[in-house]
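Q: Dropping in structure_33.cif, with mmCIF, C-alpha atoms.
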```
data_data
#
loop_
_atom_site.label_atom_id
_atom_site.label_comp_id
_atom_site.auth_asym_id
_atom_site.auth_seq_id
_atom_site.Cartn_x
_atom_site.Cartn_y
_atom_site.Cartn_z
CA MET A 1 -33.29 -135.70 -149.53
CA ALA A 2 -34.91 -131.52 -147.74
CA ALA A 3 -31.55 -127.90 -150.36
CA ILE A 4 -29.47 -124.95 -151.29
CA VAL A 5 -29.39 -121.69 -153.23
CA LEU A 6 -26.03 -120.01 -153.89
CA ALA A 7 -25.29 -116.73 -155.67
CA ILE A 8 -22.13 -116.90 -157.77
CA LEU A 9 -19.65 -114.00 -157.83
CA ALA A 10 -16.31 -113.64 -159.67
CA LEU A 11 -13.03 -114.01 -157.83
CA SER A 12 -9.46 -114.92 -158.64
CA THR A 13 -8.13 -118.46 -158.38
CA LEU A 14 -5.89 -117.37 -155.51
CA CYS A 15 -8.85 -116.21 -153.42
CA SER A 16 -10.71 -119.41 -154.28
CA ILE A 17 -7.82 -121.50 -152.96
CA GLU A 18 -7.70 -119.44 -149.77
CA ALA A 19 -11.44 -119.99 -149.27
CA GLN A 20 -11.02 -123.74 -149.68
CA GLU A 21 -8.17 -123.97 -147.18
CA GLY A 22 -10.02 -121.89 -144.60
CA GLY A 23 -13.42 -123.49 -145.09
CA PHE A 24 -16.53 -121.80 -146.39
CA SER A 25 -20.29 -121.70 -145.97
CA VAL A 26 -23.15 -121.22 -148.42
CA GLU A 27 -26.85 -120.45 -148.11
CA LEU A 28 -29.22 -123.36 -147.67
CA ILE A 29 -32.77 -122.45 -148.72
CA HIS A 30 -35.89 -124.53 -148.26
CA ARG A 31 -37.92 -125.00 -151.43
CA ASP A 32 -40.95 -123.33 -149.81
CA SER A 33 -38.95 -120.26 -148.74
CA SER A 34 -39.68 -116.86 -150.28
CA LYS A 35 -36.13 -117.06 -151.69
CA SER A 36 -36.93 -120.25 -153.61
CA PRO A 37 -38.13 -120.36 -157.24
CA PHE A 38 -40.79 -122.81 -156.00
CA TYR A 39 -42.27 -120.27 -153.57
CA ASN A 40 -46.03 -119.84 -153.87
CA PRO A 41 -47.35 -116.93 -151.75
CA LEU A 42 -50.89 -118.31 -151.98
CA GLU A 43 -49.97 -121.51 -150.12
CA THR A 44 -50.73 -121.74 -146.42
CA THR A 45 -48.44 -123.38 -143.88
CA SER A 46 -50.81 -126.34 -143.95
CA ASP A 47 -50.48 -126.57 -147.74
CA ARG A 48 -46.70 -126.55 -147.48
CA VAL A 49 -46.62 -129.22 -144.80
CA THR A 50 -48.98 -131.39 -146.84
CA ASN A 51 -46.85 -130.96 -149.96
CA ALA A 52 -43.69 -131.79 -148.02
CA LEU A 53 -45.30 -134.97 -146.70
CA ARG A 54 -46.32 -136.00 -150.22
CA ARG A 55 -42.80 -135.46 -151.52
CA SER A 56 -41.38 -137.27 -148.53
CA PHE A 57 -43.46 -140.41 -149.03
CA ASN A 58 -42.74 -140.38 -152.77
CA ARG A 59 -39.06 -140.13 -151.97
CA VAL A 60 -38.92 -143.16 -149.68
CA HIS A 61 -41.19 -145.35 -151.81
CA ARG A 62 -38.07 -147.23 -152.93
CA PHE A 63 -37.57 -148.58 -149.38
CA LYS A 64 -40.80 -150.54 -149.38
CA THR A 65 -38.94 -153.64 -150.52
CA ASN A 66 -37.30 -155.92 -147.99
CA SER A 67 -33.83 -154.59 -148.68
CA VAL A 68 -32.03 -151.68 -150.28
CA PRO A 69 -30.71 -152.47 -153.78
CA THR A 70 -26.95 -152.98 -153.82
CA THR A 71 -26.41 -151.64 -157.34
CA ALA A 72 -27.78 -148.80 -159.45
CA ALA A 73 -28.85 -147.04 -156.27
CA GLU A 74 -30.10 -144.00 -158.15
CA SER A 75 -32.51 -146.06 -160.23
CA ASP A 76 -35.09 -146.21 -157.45
CA LEU A 77 -35.11 -142.57 -156.41
CA THR A 78 -38.06 -140.29 -156.99
CA ALA A 79 -36.91 -137.33 -159.02
CA ASP A 80 -38.43 -134.05 -157.85
CA SER A 81 -38.58 -134.91 -154.16
CA GLY A 82 -35.86 -132.97 -152.35
CA GLU A 83 -36.68 -130.29 -149.79
CA TYR A 84 -33.72 -128.01 -150.52
CA LEU A 85 -32.30 -126.35 -153.61
CA MET A 86 -28.79 -125.62 -154.75
CA LYS A 87 -27.63 -123.01 -157.18
CA ILE A 88 -24.18 -123.73 -158.54
CA SER A 89 -22.17 -122.42 -161.44
CA LEU A 90 -20.67 -124.61 -164.18
CA GLY A 91 -18.12 -123.87 -166.84
CA THR A 92 -15.89 -121.05 -167.99
CA PRO A 93 -17.40 -118.48 -168.19
CA ARG A 94 -19.69 -119.36 -165.30
CA PHE A 95 -23.25 -120.51 -166.01
CA ASP A 96 -25.74 -120.56 -163.09
CA ILE A 97 -27.83 -123.67 -162.53
CA VAL A 98 -30.62 -124.31 -159.99
CA ALA A 99 -31.18 -127.95 -159.07
CA ILE A 100 -32.56 -130.20 -156.35
CA ALA A 101 -29.84 -130.85 -153.75
CA ASP A 102 -30.25 -134.52 -152.90
CA THR A 103 -28.49 -136.41 -150.10
CA GLY A 104 -30.05 -139.57 -151.55
CA SER A 105 -28.21 -139.53 -154.90
CA ASP A 106 -24.70 -138.99 -156.20
CA LEU A 107 -24.38 -137.68 -159.75
CA ILE A 108 -24.43 -133.92 -160.44
CA TRP A 109 -26.31 -133.46 -163.71
CA THR A 110 -28.10 -130.75 -165.65
CA GLN A 111 -29.92 -130.42 -168.96
CA CYS A 112 -27.60 -129.52 -171.83
CA LYS A 113 -27.67 -128.33 -175.42
CA PRO A 114 -28.16 -129.83 -177.92
CA CYS A 115 -31.05 -131.72 -176.30
CA SER A 116 -32.83 -134.48 -178.22
CA GLN A 117 -35.50 -134.70 -175.49
CA CYS A 118 -35.68 -132.45 -172.43
CA PHE A 119 -38.30 -131.54 -169.84
CA LYS A 120 -39.48 -127.95 -169.80
CA GLN A 121 -37.36 -125.57 -167.73
CA ASP A 122 -37.64 -121.82 -167.28
CA ALA A 123 -33.91 -121.10 -167.33
CA PRO A 124 -31.66 -121.52 -170.39
CA PHE A 125 -29.95 -124.88 -170.92
CA PHE A 126 -26.24 -125.26 -170.24
CA ASP A 127 -24.32 -125.20 -173.54
CA PRO A 128 -21.04 -127.09 -173.11
CA SER A 129 -19.67 -125.63 -176.36
CA ASN A 130 -19.54 -122.24 -174.61
CA SER A 131 -17.31 -123.53 -171.79
CA SER A 132 -13.56 -123.54 -172.40
CA THR A 133 -13.04 -125.95 -169.49
CA TYR A 134 -15.64 -128.58 -170.48
CA ARG A 135 -14.22 -132.01 -171.39
CA LYS A 136 -15.99 -135.30 -172.12
CA ILE A 137 -14.75 -138.24 -170.06
CA SER A 138 -13.29 -141.26 -171.85
CA CYS A 139 -14.86 -144.71 -171.53
CA SER A 140 -11.56 -146.00 -170.15
CA ALA A 141 -11.43 -143.39 -167.35
CA SER A 142 -11.98 -144.60 -163.79
CA GLN A 143 -14.86 -142.12 -163.33
CA CYS A 144 -16.74 -143.92 -166.11
CA ILE A 145 -15.80 -147.44 -165.03
CA ASP A 146 -16.78 -146.83 -161.39
CA LEU A 147 -20.21 -145.38 -162.21
CA GLU A 148 -23.16 -147.72 -162.58
CA ARG A 149 -25.02 -147.93 -165.90
CA THR A 150 -22.53 -146.29 -168.22
CA SER A 151 -21.88 -147.11 -171.87
CA CYS A 152 -19.43 -146.14 -174.59
CA SER A 153 -20.32 -143.86 -177.51
CA THR A 154 -18.91 -144.09 -181.03
CA ASP A 155 -16.29 -141.43 -180.18
CA HIS A 156 -15.23 -143.50 -177.12
CA SER A 157 -16.66 -140.99 -174.65
CA CYS A 158 -18.60 -142.11 -171.58
CA GLN A 159 -22.42 -142.05 -171.58
CA TYR A 160 -24.33 -142.11 -168.30
CA ALA A 161 -27.93 -143.18 -167.62
CA VAL A 162 -29.90 -142.59 -164.43
CA SER A 163 -33.57 -143.44 -163.92
CA TYR A 164 -35.95 -142.93 -161.03
CA GLY A 165 -38.82 -144.76 -159.37
CA ASP A 166 -41.42 -142.42 -160.87
CA SER A 167 -40.14 -143.13 -164.44
CA SER A 168 -38.11 -139.90 -164.60
CA PHE A 169 -34.70 -140.25 -166.21
CA SER A 170 -31.59 -138.53 -167.54
CA ASP A 171 -29.14 -139.82 -170.13
CA GLY A 172 -26.18 -137.99 -171.64
CA ASP A 173 -22.45 -137.33 -171.61
CA LEU A 174 -20.31 -137.86 -168.53
CA ALA A 175 -17.95 -134.91 -168.49
CA ALA A 176 -15.67 -132.75 -166.35
CA ASP A 177 -15.91 -128.99 -165.94
CA THR A 178 -15.21 -126.22 -163.44
CA LEU A 179 -17.78 -125.95 -160.65
CA THR A 180 -18.14 -122.75 -158.60
CA LEU A 181 -19.83 -122.24 -155.23
CA ALA A 182 -20.35 -118.90 -153.51
CA SER A 183 -19.48 -118.56 -149.85
CA THR A 184 -21.51 -116.43 -147.47
CA THR A 185 -18.47 -114.12 -147.21
CA GLY A 186 -18.87 -113.26 -150.90
CA ARG A 187 -15.73 -115.13 -151.90
CA PRO A 188 -16.55 -117.79 -154.53
CA VAL A 189 -14.80 -121.13 -154.44
CA THR A 190 -13.91 -122.93 -157.67
CA PHE A 191 -13.33 -126.66 -158.19
CA PRO A 192 -11.83 -127.56 -161.59
CA LYS A 193 -12.43 -130.87 -163.35
CA THR A 194 -15.58 -131.76 -161.39
CA VAL A 195 -17.39 -134.79 -162.84
CA ILE A 196 -20.89 -133.90 -164.06
CA GLY A 197 -23.61 -135.36 -166.25
CA CYS A 198 -24.59 -133.30 -169.28
CA GLY A 199 -28.12 -134.54 -169.95
CA THR A 200 -29.37 -134.55 -173.54
CA PHE A 201 -32.23 -137.04 -173.13
CA ASN A 202 -34.28 -136.29 -170.01
CA GLY A 203 -37.89 -136.57 -168.91
CA GLY A 204 -40.39 -137.32 -166.19
CA THR A 205 -41.82 -135.36 -163.29
CA PHE A 206 -39.17 -132.64 -163.01
CA ASP A 207 -40.39 -129.11 -162.33
CA GLU A 208 -39.62 -126.32 -164.80
CA LYS A 209 -38.03 -124.32 -161.95
CA THR A 210 -35.08 -126.72 -161.81
CA SER A 211 -32.61 -128.06 -164.34
CA GLY A 212 -31.32 -131.25 -162.74
CA ILE A 213 -29.99 -132.77 -159.54
CA ILE A 214 -26.99 -132.03 -157.30
CA GLY A 215 -25.97 -135.33 -155.70
CA LEU A 216 -24.85 -134.90 -152.08
CA GLY A 217 -24.66 -138.60 -151.22
CA GLY A 218 -21.62 -140.62 -150.23
CA GLY A 219 -20.83 -142.16 -153.64
CA GLN A 220 -17.66 -141.40 -155.59
CA VAL A 221 -19.17 -138.89 -158.05
CA SER A 222 -21.25 -136.91 -155.55
CA LEU A 223 -20.41 -133.27 -154.86
CA ILE A 224 -19.37 -134.15 -151.30
CA SER A 225 -16.99 -136.90 -152.41
CA GLN A 226 -15.47 -134.83 -155.21
CA LEU A 227 -14.76 -131.96 -152.80
CA ARG A 228 -13.36 -134.35 -150.19
CA THR A 229 -9.67 -133.44 -150.47
CA SER A 230 -10.41 -129.71 -150.66
CA VAL A 231 -12.67 -129.72 -147.58
CA ALA A 232 -11.00 -132.54 -145.60
CA GLY A 233 -14.13 -134.66 -146.00
CA LYS A 234 -16.17 -132.37 -143.75
CA PHE A 235 -19.56 -130.73 -144.25
CA SER A 236 -22.29 -129.63 -141.88
CA TYR A 237 -25.68 -127.95 -142.01
CA CYS A 238 -28.09 -126.22 -139.67
CA LEU A 239 -31.74 -126.46 -140.73
CA LEU A 240 -34.11 -123.72 -139.63
CA PRO A 241 -37.53 -124.67 -138.24
CA ILE A 242 -40.37 -124.52 -140.76
CA SER A 243 -41.73 -121.42 -139.02
CA GLN A 244 -38.51 -119.62 -140.05
CA ALA A 245 -38.19 -121.09 -143.53
CA GLY A 246 -38.23 -117.62 -145.09
CA ASN A 247 -34.70 -117.11 -143.77
CA SER A 248 -31.56 -118.86 -144.96
CA SER A 249 -30.05 -121.95 -143.43
CA LYS A 250 -26.40 -122.77 -144.11
CA ILE A 251 -24.31 -125.64 -145.33
CA ASN A 252 -20.65 -125.51 -144.30
CA PHE A 253 -17.53 -127.11 -145.77
CA GLY A 254 -14.00 -127.77 -144.53
CA SER A 255 -12.88 -126.06 -141.34
CA ASN A 256 -16.21 -124.19 -141.20
CA ALA A 257 -17.94 -127.56 -140.84
CA ILE A 258 -16.26 -128.61 -137.60
CA VAL A 259 -18.85 -129.19 -134.88
CA SER A 260 -17.41 -128.65 -131.41
CA GLY A 261 -18.26 -127.17 -128.04
CA PRO A 262 -20.96 -127.74 -125.40
CA GLY A 263 -23.59 -130.38 -126.04
CA VAL A 264 -21.89 -132.11 -128.99
CA VAL A 265 -22.45 -135.85 -129.34
CA SER A 266 -21.05 -138.01 -132.14
CA THR A 267 -21.99 -141.36 -133.62
CA PRO A 268 -20.21 -143.56 -136.19
CA LEU A 269 -21.09 -143.41 -139.87
CA VAL A 270 -21.46 -147.01 -141.02
CA LYS A 271 -20.15 -148.02 -144.43
CA LYS A 272 -22.74 -150.14 -146.22
CA SER A 273 -24.03 -150.68 -149.72
CA PRO A 274 -25.12 -148.57 -151.48
CA ASP A 275 -22.48 -146.01 -150.50
CA THR A 276 -24.84 -143.22 -151.58
CA PHE A 277 -26.67 -143.26 -148.25
CA TYR A 278 -25.50 -142.13 -144.81
CA PHE A 279 -26.11 -145.04 -142.42
CA LEU A 280 -26.24 -144.67 -138.62
CA THR A 281 -27.03 -147.15 -135.86
CA LEU A 282 -30.19 -146.55 -133.82
CA GLU A 283 -30.24 -148.36 -130.47
CA ALA A 284 -33.43 -147.04 -128.84
CA ILE A 285 -35.87 -144.14 -128.47
CA THR A 286 -36.96 -142.83 -125.08
CA VAL A 287 -40.36 -141.12 -124.76
CA GLY A 288 -40.69 -139.48 -121.36
CA THR A 289 -39.38 -142.17 -119.03
CA LYS A 290 -40.05 -145.15 -121.31
CA ARG A 291 -37.05 -146.46 -123.27
CA ILE A 292 -37.96 -148.57 -126.31
CA LYS A 293 -35.25 -150.79 -127.77
CA PHE A 294 -34.86 -150.71 -131.56
CA THR A 295 -34.73 -154.19 -133.05
CA GLY A 296 -33.85 -153.26 -136.63
CA SER A 297 -35.29 -152.46 -140.05
CA SER A 298 -34.98 -153.52 -143.68
CA LEU A 299 -31.44 -152.10 -143.47
CA GLY A 300 -30.44 -154.64 -140.81
CA SER A 301 -30.81 -155.39 -137.13
CA GLU A 302 -27.41 -154.17 -135.96
CA GLU A 303 -25.00 -151.57 -137.39
CA GLY A 304 -26.28 -149.20 -140.05
CA ASN A 305 -29.97 -149.84 -139.36
CA ILE A 306 -31.19 -146.28 -140.12
CA ILE A 307 -30.45 -143.64 -142.78
CA ILE A 308 -30.12 -139.93 -141.98
CA ASP A 309 -31.57 -137.90 -144.85
CA SER A 310 -32.18 -134.15 -145.17
CA GLY A 311 -34.62 -134.69 -148.06
CA THR A 312 -37.16 -136.77 -146.10
CA THR A 313 -39.55 -134.75 -143.94
CA LEU A 314 -40.75 -137.20 -141.27
CA THR A 315 -38.74 -139.65 -139.22
CA LEU A 316 -39.95 -143.03 -140.46
CA LEU A 317 -39.76 -146.22 -138.44
CA PRO A 318 -40.72 -149.88 -138.90
CA SER A 319 -44.39 -150.40 -138.13
CA ASP A 320 -44.04 -152.52 -134.98
CA PHE A 321 -41.42 -150.24 -133.45
CA TYR A 322 -43.38 -147.11 -134.34
CA SER A 323 -46.48 -148.55 -132.65
CA GLU A 324 -44.53 -148.83 -129.39
CA VAL A 325 -43.24 -145.26 -129.72
CA GLU A 326 -46.72 -143.91 -130.48
CA SER A 327 -48.23 -145.85 -127.59
CA ALA A 328 -45.63 -144.39 -125.20
CA MET A 329 -46.45 -140.91 -126.51
CA THR A 330 -50.24 -141.21 -126.24
CA SER A 331 -50.03 -142.62 -122.73
CA GLN A 332 -48.32 -139.41 -121.59
CA ILE A 333 -50.55 -136.85 -123.35
CA SER A 334 -54.00 -136.06 -122.01
CA ALA A 335 -55.22 -133.90 -124.92
CA LYS A 336 -57.95 -134.90 -127.38
CA ARG A 337 -56.71 -136.98 -130.28
CA ILE A 338 -58.09 -135.98 -133.70
CA GLU A 339 -57.87 -137.07 -137.33
CA GLY A 340 -54.92 -135.49 -139.13
CA PRO A 341 -53.89 -135.21 -142.79
CA GLU A 342 -52.84 -138.26 -144.74
CA GLY A 343 -49.39 -139.42 -143.75
CA LEU A 344 -49.64 -138.31 -140.12
CA SER A 345 -50.82 -140.94 -137.69
CA LEU A 346 -50.92 -139.11 -134.35
CA CYS A 347 -52.59 -135.67 -134.13
CA TYR A 348 -54.13 -133.56 -131.38
CA ASN A 349 -56.40 -130.54 -131.19
CA ALA A 350 -54.02 -127.56 -131.48
CA LYS A 351 -56.28 -125.50 -129.21
CA ASP A 352 -55.70 -127.85 -126.29
CA GLU A 353 -52.80 -127.07 -124.00
CA PHE A 354 -50.66 -130.11 -123.22
CA LYS A 355 -47.09 -130.90 -122.29
CA ILE A 356 -45.09 -132.71 -124.96
CA PRO A 357 -43.01 -135.54 -123.44
CA ASP A 358 -39.25 -135.40 -123.89
CA VAL A 359 -37.98 -137.59 -126.72
CA THR A 360 -34.40 -138.82 -126.88
CA VAL A 361 -33.04 -140.68 -129.90
CA HIS A 362 -30.25 -143.04 -128.87
CA PHE A 363 -27.68 -143.59 -131.60
CA THR A 364 -24.47 -145.48 -130.83
CA ASN A 365 -22.48 -143.23 -128.44
CA ALA A 366 -24.86 -140.32 -129.05
CA ASP A 367 -28.06 -139.49 -127.17
CA VAL A 368 -29.88 -136.78 -129.15
CA LYS A 369 -32.53 -135.03 -127.05
CA LEU A 370 -35.17 -133.55 -129.35
CA LYS A 371 -37.09 -130.33 -128.77
CA PRO A 372 -40.89 -130.03 -129.11
CA LEU A 373 -40.39 -128.37 -132.53
CA ASN A 374 -38.69 -131.60 -133.65
CA THR A 375 -41.44 -133.93 -132.46
CA PHE A 376 -44.69 -132.06 -133.18
CA ILE A 377 -45.68 -129.77 -136.04
CA ARG A 378 -48.74 -127.56 -136.48
CA VAL A 379 -50.37 -128.61 -139.75
CA SER A 380 -53.45 -126.36 -139.50
CA ASP A 381 -55.22 -124.00 -137.12
CA THR A 382 -56.80 -127.00 -135.45
CA ALA A 383 -54.24 -129.80 -135.65
CA ILE A 384 -50.77 -130.47 -134.26
CA CYS A 385 -49.18 -133.79 -135.27
CA PHE A 386 -46.36 -136.12 -134.30
CA THR A 387 -43.44 -135.92 -136.75
CA PHE A 388 -42.69 -139.66 -136.57
CA ASN A 389 -44.59 -142.31 -138.51
CA SER A 390 -44.29 -145.81 -139.91
CA LEU A 391 -43.70 -147.01 -143.44
CA ASP A 392 -43.42 -150.79 -143.65
CA ASN A 393 -39.92 -151.75 -142.46
CA VAL A 394 -38.20 -148.46 -143.33
CA ALA A 395 -35.97 -146.46 -140.93
CA ILE A 396 -35.08 -142.88 -141.92
CA TYR A 397 -34.12 -139.98 -139.66
CA GLY A 398 -35.90 -137.08 -141.37
CA ASN A 399 -35.31 -133.34 -141.49
CA LEU A 400 -37.94 -132.28 -138.93
CA SER A 401 -35.93 -134.18 -136.32
CA GLN A 402 -32.77 -132.40 -137.48
CA MET A 403 -34.00 -128.78 -137.28
CA ASP A 404 -32.18 -126.47 -134.85
CA PHE A 405 -29.26 -128.88 -134.66
CA LEU A 406 -25.85 -128.25 -136.17
CA ILE A 407 -25.15 -131.60 -137.82
CA GLY A 408 -21.63 -132.33 -139.00
CA TYR A 409 -20.46 -135.14 -141.27
CA ASP A 410 -16.80 -136.15 -141.19
CA THR A 411 -16.38 -138.67 -144.01
CA GLN A 412 -12.70 -139.20 -143.16
CA LYS A 413 -13.24 -140.02 -139.49
CA GLN A 414 -16.61 -141.60 -140.40
CA THR A 415 -18.69 -139.77 -137.80
CA VAL A 416 -21.85 -137.65 -137.62
CA SER A 417 -22.06 -135.07 -134.84
CA PHE A 418 -25.11 -133.32 -133.36
CA GLN A 419 -25.13 -130.04 -131.45
CA PRO A 420 -28.33 -128.31 -130.26
CA THR A 421 -28.22 -124.89 -131.94
CA ASP A 422 -30.38 -121.87 -132.70
CA CYS A 423 -29.90 -122.13 -136.45
CA SER A 424 -31.20 -118.57 -136.99
CA LYS A 425 -28.01 -117.38 -135.25
CA ASN A 426 -25.63 -119.93 -136.71
#
```
Would you mind writing the file out in structure tokens?
A:
Amino acid sequence: MAAIVLAILALSTLCSIEAQEGGFSVELIHRDSSKSPFYNPLETTSDRVTNALRRSFNRVHRFKTNSVPTTAAESDLTADSGEYLMKISLGTPRFDIVAIADTGSDLIWTQCKPCSQCFKQDAPFFDPSNSSTYRKISCSASQCIDLERTSCSTDHSCQYAVSYGDSSFSDGDLAADTLTLASTTGRPVTFPKTVIGCGTFNGGTFDEKTSGIIGLGGGQVSLISQLRTSVAGKFSYCLLPISQAGNSSKINFGSNAIVSGPGVVSTPLVKKSPDTFYFLTLEAITVGTKRIKFTGSSLGSEEGNIIIDSGTTLTLLPSDFYSEVESAMTSQISAKRIEGPEGLSLCYNAKDEFKIPDVTVHFTNADVKLKPLNTFIRVSDTAICFTFNSLDNVAIYGNLSQMDFLIGYDTQKQTVSFQPTDCSKN
């Protein structure tokens, strides 16, 4: 679930409408980038990889059960686990907010005044009384009725409640306000009456550098779904390799998000419950010349048996299937195998020279050939490790496998497209 930092500039409504119709792009910044408020110059690359692995395993802890919950999907998420950040602007006049951008949740929420209980944050809280466009949502409104775990206050306004697997939570008013994004062309794009959560009772493991969560999932109140008509249901991103994390990646919307040209392959998005997640169908993985058939996961044995998630670092596979993939990999590498950090099963001495076998991930109608940077990562001066691992019966296509690919989601045509790309030039 790993996000995005956007600078907000003023522009007229007319220019905003033009930007929407033509498509737009915004900066996508990894949380360990020098542009991120989380950046720690004292951390080594090894430290950052280790931290990303810890967040990744915390994030997918909810999948350790035999099936994904069909209701209250957000209740099992781990709060501060995304790999990317988003800076948006709420209200009139605009108020900048930095939050975790999470493809594994839906609701956009931030801490608000007056706050009866809030976690510590460095930036000021959003004060809805200062926004001329802020409106509470009625209990009888469809936005309230369609959202899980809502209740009605004494003034008949809608109250939301989200909780997470690590006991973090946010409760408050469900409201609508103007949301502003900044495009990379410097032309901000405004979206009036966007549904948000104004949290007045929040707590848990959130970091003081953030103020909430930007839901990028597939549910009705996510940012992606609320922008759907304005951007024709299209968004795409191009994630830079970790070695280039100091630079900006991009997330694209509307016509800017169309993925076309040489090397593009597309696979169906599968509609399943919960609608928060983006489900694909994995058929097999080929390592070198050995093709290994995928027999399914806790998500099912046929359609929709794997989730694609930008907030999870590793690609995680059911234990039995992963064992076959690892065995195929080790049989084709002659280097010395060594002990790696926790969370990484297959590691080699980084000082040894060895050829990394080709790996192709076979989704329905889409064979995605990975590069060595997708399949192995240097975690220290002495260790290079396989970016796939097992976690019970879970199947998640993580962000290391997605780097240097332009990946486009078309939620109207229900497809995900992959195009090999140098994301530093995208």
Q: Report, in Å to a single decimal, how far apart atom CA of A:Ser151 and atom CA of A:Thr178 are.
A: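 That distance, rounded to one decimal, is 23.5 Å.
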Q: Which residues, protein or nucleic acid, reach to within 12 Å of (-15.6, -145.9, -164.9) in the file's coordinates when using all atoms listed in the file, and can you give that as JSON, numbers by chain?
A: {"A": [137, 138, 139, 140, 141, 142, 143, 144, 145, 146, 147, 148, 149, 150, 151, 152, 157, 158, 159, 160, 174, 175, 195, 220, 221]}
Q: Take the residues from that selection and write them out as a PDB file, in the coordinates of the input, keeping C-alpha atoms.
A:
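Result went into result-v6.pdb, see below:
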```pdb
ATOM      1  CA  ILE A 137     -14.750-138.240-170.060  1.00  0.00           C
ATOM      2  CA  SER A 138     -13.290-141.260-171.850  1.00  0.00           C
ATOM      3  CA  CYS A 139     -14.860-144.710-171.530  1.00  0.00           C
ATOM      4  CA  SER A 140     -11.560-146.000-170.150  1.00  0.00           C
ATOM      5  CA  ALA A 141     -11.430-143.390-167.350  1.00  0.00           C
ATOM      6  CA  SER A 142     -11.980-144.600-163.790  1.00  0.00           C
ATOM      7  CA  GLN A 143     -14.860-142.120-163.330  1.00  0.00           C
ATOM      8  CA  CYS A 144     -16.740-143.920-166.110  1.00  0.00           C
ATOM      9  CA  ILE A 145     -15.800-147.440-165.030  1.00  0.00           C
ATOM     10  CA  ASP A 146     -16.780-146.830-161.390  1.00  0.00           C
ATOM     11  CA  LEU A 147     -20.210-145.380-162.210  1.00  0.00           C
ATOM     12  CA  GLU A 148     -23.160-147.720-162.580  1.00  0.00           C
ATOM     13  CA  ARG A 149     -25.020-147.930-165.900  1.00  0.00           C
ATOM     14  CA  THR A 150     -22.530-146.290-168.220  1.00  0.00           C
ATOM     15  CA  SER A 151     -21.880-147.110-171.870  1.00  0.00           C
ATOM     16  CA  CYS A 152     -19.430-146.140-174.590  1.00  0.00           C
ATOM     17  CA  SER A 157     -16.660-140.990-174.650  1.00  0.00           C
ATOM     18  CA  CYS A 158     -18.600-142.110-171.580  1.00  0.00           C
ATOM     19  CA  GLN A 159     -22.420-142.050-171.580  1.00  0.00           C
ATOM     20  CA  TYR A 160     -24.330-142.110-168.300  1.00  0.00           C
ATOM     21  CA  LEU A 174     -20.310-137.860-168.530  1.00  0.00           C
ATOM     22  CA  ALA A 175     -17.950-134.910-168.490  1.00  0.00           C
ATOM     23  CA  VAL A 195     -17.390-134.790-162.840  1.00  0.00           C
ATOM     24  CA  GLN A 220     -17.660-141.400-155.590  1.00  0.00           C
ATOM     25  CA  VAL A 221     -19.170-138.890-158.050  1.00  0.00           C
TER      26      VAL A 221
END
```
Q: Counting all atoms listed in the file, which residues come within 8 Å of (-34.3, -128.1, -157.5), with the point read in the file's coordinates, and could you list them as a list in words?
A: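 Here the neighbourhood of the point contains Ala3, Arg31, Asp80, Gly82, Tyr84, Leu85, Met86, Val98, Ala99, Ile100, Ala101, Asp207, Lys209, Thr210, Ser211, Gly212 and Ile213 of chain A.
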Q: Tell me which residues the PyMOL selection byres ((chain A and resi 362-375) around 7) grabs here, as a tab-separated table (two decimals) with C-alpha atoms, in the coordinates of the input.
A:
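Contents of selection_9.tsv, as written:
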```
chain	number	residue	atom	x	y	z
A	265	VAL	CA	-22.45	-135.85	-129.34
A	266	SER	CA	-21.05	-138.01	-132.14
A	267	THR	CA	-21.99	-141.36	-133.62
A	281	THR	CA	-27.03	-147.15	-135.86
A	282	LEU	CA	-30.19	-146.55	-133.82
A	283	GLU	CA	-30.24	-148.36	-130.47
A	284	ALA	CA	-33.43	-147.04	-128.84
A	285	ILE	CA	-35.87	-144.14	-128.47
A	356	ILE	CA	-45.09	-132.71	-124.96
A	359	VAL	CA	-37.98	-137.59	-126.72
A	360	THR	CA	-34.40	-138.82	-126.88
A	361	VAL	CA	-33.04	-140.68	-129.90
A	376	PHE	CA	-44.69	-132.06	-133.18
A	377	ILE	CA	-45.68	-129.77	-136.04
A	386	PHE	CA	-46.36	-136.12	-134.30
A	387	THR	CA	-43.44	-135.92	-136.75
A	400	LEU	CA	-37.94	-132.28	-138.93
A	401	SER	CA	-35.93	-134.18	-136.32
A	403	MET	CA	-34.00	-128.78	-137.28
```
Q: Under the rule that only C-alpha atoms are counted, which of A:Ser310, A:Ser236, A:Gln244, A:Ser301 is the nearest residue to A:Ser417?
A: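 Among A:Ser310, A:Ser236, A:Gln244, A:Ser301, it is A:Ser236 that comes nearest to A:Ser417.
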Q: Give me, please, the distance in Å between atom CA of A:Gly340 and atom CA of A:Leu239, quoted to one decimal.
A: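 Taking atom CA of A:Gly340 as the start and atom CA of A:Leu239 as the end point, the length is 24.9 Å.
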Q: On this file, the PyMOL selection byres ((chain A and resi 418) around 7) gives some set of residues; write that set as an MDAnalysis selection string.
A: chainID A and resid 264:266 405:408 416:417 419:420
Q: Residues at most 6 Å from A:Asp404, counting only C-alpha atoms, excluding those fewer than 2 positions away in the same chain, as number ranges by chain?
A: A: 239-240, 421-423
Q: At a cut-off of 12 Å, using only C-alpha atoms, what residues contact A:Gln117? Leave out same-chain residues fewer than 5 positions from it and give the result as a compact mmCIF listing (two decimals) with C-alpha atoms, keeping the file's coordinate frame.
A:
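Output (around08.txt):
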```txt
# COMPACT_ATOMS: atom_id res chain seq x y z
CA GLN A 111 -29.92 -130.42 -168.96
CA CYS A 112 -27.60 -129.52 -171.83
CA PHE A 169 -34.70 -140.25 -166.21
CA SER A 170 -31.59 -138.53 -167.54
CA ASP A 171 -29.14 -139.82 -170.13
CA GLY A 172 -26.18 -137.99 -171.64
CA GLY A 199 -28.12 -134.54 -169.95
CA THR A 200 -29.37 -134.55 -173.54
CA PHE A 201 -32.23 -137.04 -173.13
CA ASN A 202 -34.28 -136.29 -170.01
CA GLY A 203 -37.89 -136.57 -168.91
CA GLY A 204 -40.39 -137.32 -166.19
```
